[in-house]
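Content type mmCIF, C-alpha atoms, from the file start13.cif:
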```cif
data_entry
#
loop_
_atom_site.label_atom_id
_atom_site.label_comp_id
_atom_site.auth_asym_id
_atom_site.auth_seq_id
_atom_site.Cartn_x
_atom_site.Cartn_y
_atom_site.Cartn_z
CA MET H 1364 160.40 127.05 -56.40
CA ASP H 1365 162.13 129.95 -54.64
CA ASN H 1366 165.14 127.78 -53.87
CA VAL H 1367 165.34 126.60 -57.49
CA ALA H 1368 164.97 130.16 -58.80
CA ASP H 1369 167.71 131.33 -56.42
CA ASP H 1370 169.97 128.51 -57.60
CA LEU H 1371 169.40 129.51 -61.23
CA ARG H 1372 170.14 133.16 -60.50
CA SER H 1373 173.25 132.26 -58.49
CA ALA H 1374 174.52 130.26 -61.46
CA GLY H 1375 173.98 133.29 -63.73
CA LEU H 1376 170.99 131.77 -65.52
CA ARG H 1377 167.71 133.39 -66.37
CA VAL H 1378 164.78 131.97 -64.43
CA THR H 1379 162.24 130.42 -66.80
CA ALA H 1380 159.38 128.04 -66.12
CA ALA H 1381 161.08 125.36 -68.23
CA ARG H 1382 164.42 125.63 -66.39
CA VAL H 1383 162.69 125.56 -63.00
CA ALA H 1384 160.70 122.47 -64.03
CA ILE H 1385 163.79 120.72 -65.46
CA LEU H 1386 165.82 121.31 -62.31
CA GLU H 1387 162.93 120.20 -60.10
CA GLN H 1388 162.46 117.01 -62.17
CA VAL H 1389 166.12 116.07 -61.99
CA ARG H 1390 166.31 116.82 -58.26
CA SER H 1391 163.25 114.70 -57.55
CA GLY H 1392 164.26 111.80 -59.81
CA ASN H 1393 167.04 109.23 -59.93
CA HIS H 1394 169.49 109.66 -62.81
CA LEU H 1395 166.72 110.44 -65.32
CA ASP H 1396 167.20 110.49 -69.08
CA ALA H 1397 166.08 113.46 -71.20
CA GLU H 1398 162.83 111.79 -72.29
CA ARG H 1399 161.68 111.14 -68.72
CA ILE H 1400 162.67 114.67 -67.75
CA ALA H 1401 160.73 116.08 -70.72
CA ARG H 1402 157.59 114.14 -69.74
CA GLY H 1403 157.79 115.51 -66.21
CA VAL H 1404 158.41 119.05 -67.43
CA ARG H 1405 155.42 118.86 -69.76
CA GLY H 1406 153.30 117.62 -66.87
CA ALA H 1407 154.39 120.60 -64.79
CA VAL H 1408 154.28 123.48 -67.29
CA GLY H 1409 152.43 122.25 -70.37
CA HIS H 1410 153.92 122.15 -73.83
CA VAL H 1411 157.71 122.38 -73.94
CA SER H 1412 159.62 121.22 -77.00
CA THR H 1413 162.10 118.40 -76.70
CA GLN H 1414 164.78 120.77 -78.01
CA ALA H 1415 163.98 123.27 -75.23
CA VAL H 1416 164.44 120.51 -72.66
CA TYR H 1417 167.79 119.51 -74.18
CA ASP H 1418 168.86 123.18 -74.30
CA GLY H 1419 167.85 123.58 -70.65
CA LEU H 1420 169.72 120.43 -69.61
CA HIS H 1421 172.87 121.61 -71.38
CA ALA H 1422 172.64 125.09 -69.80
CA LEU H 1423 172.10 123.64 -66.32
CA THR H 1424 174.99 121.21 -66.82
CA ARG H 1425 177.34 123.95 -68.07
CA ALA H 1426 176.36 126.09 -65.07
CA GLY H 1427 177.27 123.26 -62.70
CA LEU H 1428 173.74 122.67 -61.39
CA LEU H 1429 173.48 119.23 -63.03
CA ARG H 1430 175.86 116.44 -63.93
CA ARG H 1431 175.52 114.37 -67.10
CA ILE H 1432 176.55 110.73 -67.01
CA GLU H 1433 176.59 108.29 -69.91
CA PRO H 1434 176.64 104.63 -68.89
CA ALA H 1435 177.62 102.41 -71.83
CA GLY H 1436 174.62 101.38 -73.89
CA SER H 1437 172.30 103.87 -72.18
CA PRO H 1438 171.07 107.33 -73.07
CA ALA H 1439 172.67 110.21 -71.17
CA ARG H 1440 171.33 110.57 -67.64
CA PHE H 1441 171.24 113.65 -65.46
CA GLU H 1442 171.66 114.07 -61.73
CA ALA H 1443 171.68 116.97 -59.30
CA ARG H 1444 174.49 115.57 -57.16
CA VAL H 1445 177.35 117.79 -58.23
CA GLY H 1446 180.52 119.10 -56.65
CA ASP H 1447 181.63 115.88 -54.97
CA ASN H 1448 183.61 112.88 -56.06
CA HIS H 1449 181.21 109.96 -56.45
CA HIS H 1450 180.74 107.12 -58.87
CA HIS H 1451 177.86 105.01 -60.17
CA LEU H 1452 176.59 101.46 -59.96
CA VAL H 1453 174.47 100.41 -62.97
CA CYS H 1454 172.17 97.39 -63.19
CA ARG H 1455 172.92 95.42 -66.35
CA SER H 1456 169.35 94.19 -66.53
CA CYS H 1457 167.09 97.21 -65.94
CA GLY H 1458 169.53 100.12 -66.15
CA GLU H 1459 168.88 101.42 -62.62
CA VAL H 1460 171.69 103.75 -61.49
CA SER H 1461 172.82 104.27 -57.90
CA ASP H 1462 175.41 106.65 -56.49
CA ILE H 1463 178.49 105.18 -54.84
CA ASP H 1464 180.63 107.41 -52.64
CA CYS H 1465 184.31 107.41 -53.49
CA VAL H 1466 186.44 105.80 -50.81
CA VAL H 1467 189.25 108.32 -51.33
CA GLY H 1468 187.03 111.40 -51.40
CA GLU H 1469 189.05 113.70 -53.63
CA ALA H 1470 189.44 113.62 -57.39
CA PRO H 1471 191.07 111.78 -58.98
CA CYS H 1472 190.49 108.75 -56.79
CA VAL H 1473 192.47 106.38 -59.00
CA GLU H 1474 195.75 107.11 -60.71
CA PRO H 1475 196.49 105.90 -64.25
CA SER H 1476 199.68 103.96 -64.89
CA GLN H 1477 200.48 106.39 -67.73
CA THR H 1478 199.29 109.99 -68.14
CA HIS H 1479 200.70 110.59 -71.66
CA GLY H 1480 201.25 114.21 -70.70
CA PHE H 1481 197.68 114.79 -69.49
CA VAL H 1482 196.91 116.52 -66.22
CA VAL H 1483 194.43 114.10 -64.64
CA GLU H 1484 191.56 115.97 -62.99
CA GLU H 1485 189.10 113.21 -62.20
CA ALA H 1486 188.32 109.55 -62.76
CA GLU H 1487 184.87 108.33 -63.71
CA VAL H 1488 184.23 104.88 -62.36
CA VAL H 1489 181.14 102.84 -63.27
CA PHE H 1490 180.43 99.61 -61.44
CA TRP H 1491 178.18 97.11 -63.21
CA GLY H 1492 175.98 94.48 -61.59
CA VAL H 1493 172.41 93.32 -61.09
CA CYS H 1494 170.15 95.24 -58.70
CA PRO H 1495 168.19 93.49 -55.93
CA GLN H 1496 164.87 93.77 -57.80
CA CYS H 1497 166.26 92.14 -60.94
CA GLN H 1498 167.89 89.43 -58.82
CA GLU H 1499 164.47 88.66 -57.33
CA HIS H 1500 163.02 88.34 -60.84
CA GLY H 1501 165.79 86.01 -62.02
CA ALA H 1502 167.77 88.38 -64.24
CA PRO H 1503 171.05 86.78 -65.28
CA PRO H 1504 173.97 88.33 -63.37
CA ASP H 1505 176.50 87.64 -66.12
CA ARG H 1506 174.84 89.53 -68.98
CA PRO H 1507 177.44 91.94 -70.39
CA PRO H 1508 176.45 95.60 -70.68
CA ALA H 1509 175.44 96.84 -74.12
CA ARG H 1510 178.45 98.43 -75.76
CA ARG H 1511 178.59 101.16 -78.35
CA ALA H 1512 181.43 102.27 -80.56
CA HIS H 1513 183.69 104.93 -79.06
CA GLY H 1514 182.32 108.37 -79.96
CA ALA H 1515 178.95 107.05 -81.19
CA SER H 1516 175.83 108.89 -80.09
#
```
Now that the file is in, can you turn its structure into structure tokens?
Amino acid sequence: MDNVADDLRSAGLRVTAARVAILEQVRSGNHLDAERIARGVRGAVGHVSTQAVYDGLHALTRAGLLRRIEPAGSPARFEARVGDNHHHLVCRSCGEVSDIDCVVGEAPCVEPSQTHGFVVEEAEVVFWGVCPQCQEHGAPPDRPPARRAHGAS
């Protein structure tokens, strides 16, 4: 906990039991969604409202201690791997997410053909496939990912 508390203080955040538990849950998990994080936090500190968990996740993300990713058709996921240029591989069948190191190393790792006046700071690449466990269970490799309308929540 001392390391987590120090990280919170270094980021300019107040140390609370909920924030400590949230950061510990994300660091010990694999690209967890808010509901899974909330269950773990409640197991660690007792009753914590869902809104308090969301508020904590947003504060930790704004402070740079967490990264939020949103694979198409999935709820937002959170990870503690921040400050590097990596991408994600998502299983189309079960939703498992794995980190993939960027070959180039620095952001942006791919250049758009047109910038339309934007200053490109980073590229977010998501690879889609079927994980080894789903392959063993016969999940179809050609199932398209669930899509949602641009800007929908």
Subject >> Point-to-point distance in Å for atom CA of H:Gly1375 and atom CA of H:Asp1396 >> reply: 24.4 Å
Original post:
What is the distance, in Å and to one decimal place, between atom CA of H:Cys1494 and atom CA of H:Ser1456?
Top reply: 7.9 Å
Subject >> Counting all atoms listed in the file, the option among H:Cys1457, H:Val1445, H:Leu1371, H:Leu1395 closest to H:Ala1502 >> reply: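 Of all the options, H:Cys1457 lies closest to H:Ala1502.
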Original post:
Rounded to one decimal in Å, what is the spacing between atom CA of H:Thr1424 and atom CA of H:Val1488?
Top reply: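 A separation of 19.3 Å between them.
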Original post:
Which is closest to H:Ser1461 among H:His1394, H:Asp1418, H:Val1408, H:Thr1413, if we use all atoms listed in the file?
Top reply: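 Closest to H:Ser1461 of all the choices is H:His1394.
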Subject >> Which of H:Asp1369, H:Ala1422, H:Cys1454, H:Ala1415 sits closest to H:Gly1436 [using only C-alpha atoms] >> reply: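 Checking each of H:Asp1369, H:Ala1422, H:Cys1454, H:Ala1415 against H:Gly1436, counting only C-alpha atoms, the winner is H:Cys1454.
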Contact table stretch 1394-1437 of chain H vs stretch 1379-1386 of chain H, cut-off 8 Å, shortest pair per residue, only C-alpha atoms, as a tab-separated table:
```
residue	atom	partner	partner_atom	distance
H:Ile1400	CA	H:Ile1385	CA	6.6
H:Ala1401	CA	H:Ile1385	CA	7.7
H:Gly1403	CA	H:Ala1384	CA	7.9
H:Val1404	CA	H:Ala1384	CA	5.3
H:Ala1407	CA	H:Ala1384	CA	6.6
H:Val1408	CA	H:Ala1380	CA	6.9
H:Val1411	CA	H:Ala1381	CA	7.3
H:Ala1415	CA	H:Ala1381	CA	7.9
H:Val1416	CA	H:Ile1385	CA	7.2
H:Gly1419	CA	H:Arg1382	CA	5.8
H:Leu1420	CA	H:Ile1385	CA	7.2
H:Leu1423	CA	H:Leu1386	CA	7.8
H:Leu1429	CA	H:Leu1386	CA	8.0
```
**OP:** Compare H:Ala1368, H:Cys1472, H:Val1489, H:Ala1374 by their minimum atom-to-atom distance to H:Leu1452, counting all atoms listed in the file, and give me the closest one.
**Re:**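 Looking at the shortest contact to H:Leu1452, the residue is H:Val1489.
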Original post:
What lies within 9 Å of H:Asp1464 using all atoms listed in the file, ignoring chain neighbours under 6 positions off, as a ChimeraX atom specification?
Top reply: /H:1447-1451
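Neighbourhood of point (175.8, 118.2, -65.1): residues with an atom at most 7 Å away, counting all atoms listed in the file, are H:Leu1423, H:Thr1424, H:Arg1425, H:Gly1427, H:Leu1428, H:Leu1429, H:Arg1430, H:Arg1431, H:Phe1441, H:Glu1442.
Each of H:Glu1487, H:Ala1443, H:Thr1478, H:Pro1495 was compared to H:Arg1455 using all atoms listed in the file, and H:Pro1495 turns out to be the nearest.
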Subject >> H:Ala1439, H:Val1467, H:Glu1387, H:Phe1481 ranked by distance to H:Asp1370, top pick (using all atoms listed in the file) >> reply: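 Between H:Ala1439, H:Val1467, H:Glu1387, H:Phe1481, the residue approaching H:Asp1370 most closely is H:Glu1387.
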Would you compute an axis-aligned box for stretch 1411-1423 of chain H, covering every atom listed for it in the file with 6 Å of margin on each side, and report centre and edge lengths in Å to one decimal as JSON?
```
{"center_x": 165.3, "center_y": 121.7, "center_z": -72.2, "size_x": 27.2, "size_y": 18.7, "size_z": 23.7}
```
Could stretch 1369-1390 of chain H be completed with N, CA and C atoms and returned as a compact mmCIF listing (two decimals), in the coordinates of the input?
```txt
# COMPACT_ATOMS: atom_id res chain seq x y z
N ASP H 1369 166.48 130.76 -56.98
CA ASP H 1369 167.71 131.33 -56.42
C ASP H 1369 168.93 130.61 -56.95
N ASP H 1370 168.85 129.28 -57.07
CA ASP H 1370 169.97 128.51 -57.60
C ASP H 1370 170.27 128.90 -59.05
N LEU H 1371 169.21 129.09 -59.84
CA LEU H 1371 169.40 129.51 -61.23
C LEU H 1371 170.06 130.88 -61.29
N ARG H 1372 169.56 131.81 -60.52
CA ARG H 1372 170.14 133.16 -60.50
C ARG H 1372 171.60 133.13 -60.05
N SER H 1373 171.88 132.36 -59.00
CA SER H 1373 173.25 132.26 -58.49
C SER H 1373 174.21 131.70 -59.52
N ALA H 1374 173.70 130.85 -60.40
CA ALA H 1374 174.52 130.26 -61.46
C ALA H 1374 174.60 131.18 -62.69
N GLY H 1375 173.95 132.34 -62.61
CA GLY H 1375 173.98 133.29 -63.73
C GLY H 1375 173.00 132.96 -64.83
N LEU H 1376 171.99 132.15 -64.51
CA LEU H 1376 170.99 131.77 -65.52
C LEU H 1376 169.69 132.53 -65.31
N ARG H 1377 169.03 132.78 -66.41
CA ARG H 1377 167.71 133.39 -66.37
C ARG H 1377 166.72 132.38 -65.82
N VAL H 1378 165.80 132.85 -65.01
CA VAL H 1378 164.78 131.97 -64.43
C VAL H 1378 163.62 131.88 -65.41
N THR H 1379 163.39 130.67 -65.92
CA THR H 1379 162.24 130.42 -66.80
C THR H 1379 161.46 129.24 -66.23
N ALA H 1380 160.21 129.15 -66.61
CA ALA H 1380 159.38 128.04 -66.12
C ALA H 1380 159.98 126.69 -66.53
N ALA H 1381 160.50 126.62 -67.75
CA ALA H 1381 161.08 125.36 -68.23
C ALA H 1381 162.32 124.99 -67.41
N ARG H 1382 163.21 125.94 -67.16
CA ARG H 1382 164.42 125.63 -66.39
C ARG H 1382 164.08 125.23 -64.96
N VAL H 1383 163.12 125.92 -64.36
CA VAL H 1383 162.69 125.56 -63.00
C VAL H 1383 162.16 124.13 -63.00
N ALA H 1384 161.30 123.81 -63.97
CA ALA H 1384 160.70 122.47 -64.03
C ALA H 1384 161.76 121.40 -64.30
N ILE H 1385 162.72 121.69 -65.16
CA ILE H 1385 163.79 120.72 -65.46
C ILE H 1385 164.59 120.44 -64.20
N LEU H 1386 165.02 121.50 -63.51
CA LEU H 1386 165.82 121.31 -62.31
C LEU H 1386 165.04 120.58 -61.23
N GLU H 1387 163.76 120.89 -61.08
CA GLU H 1387 162.93 120.20 -60.10
C GLU H 1387 162.77 118.72 -60.45
N GLN H 1388 162.59 118.41 -61.74
CA GLN H 1388 162.46 117.01 -62.17
C GLN H 1388 163.72 116.22 -61.87
N VAL H 1389 164.86 116.79 -62.21
CA VAL H 1389 166.12 116.07 -61.99
C VAL H 1389 166.36 115.89 -60.49
N ARG H 1390 166.09 116.91 -59.71
CA ARG H 1390 166.31 116.82 -58.26
C ARG H 1390 165.37 115.81 -57.60
```
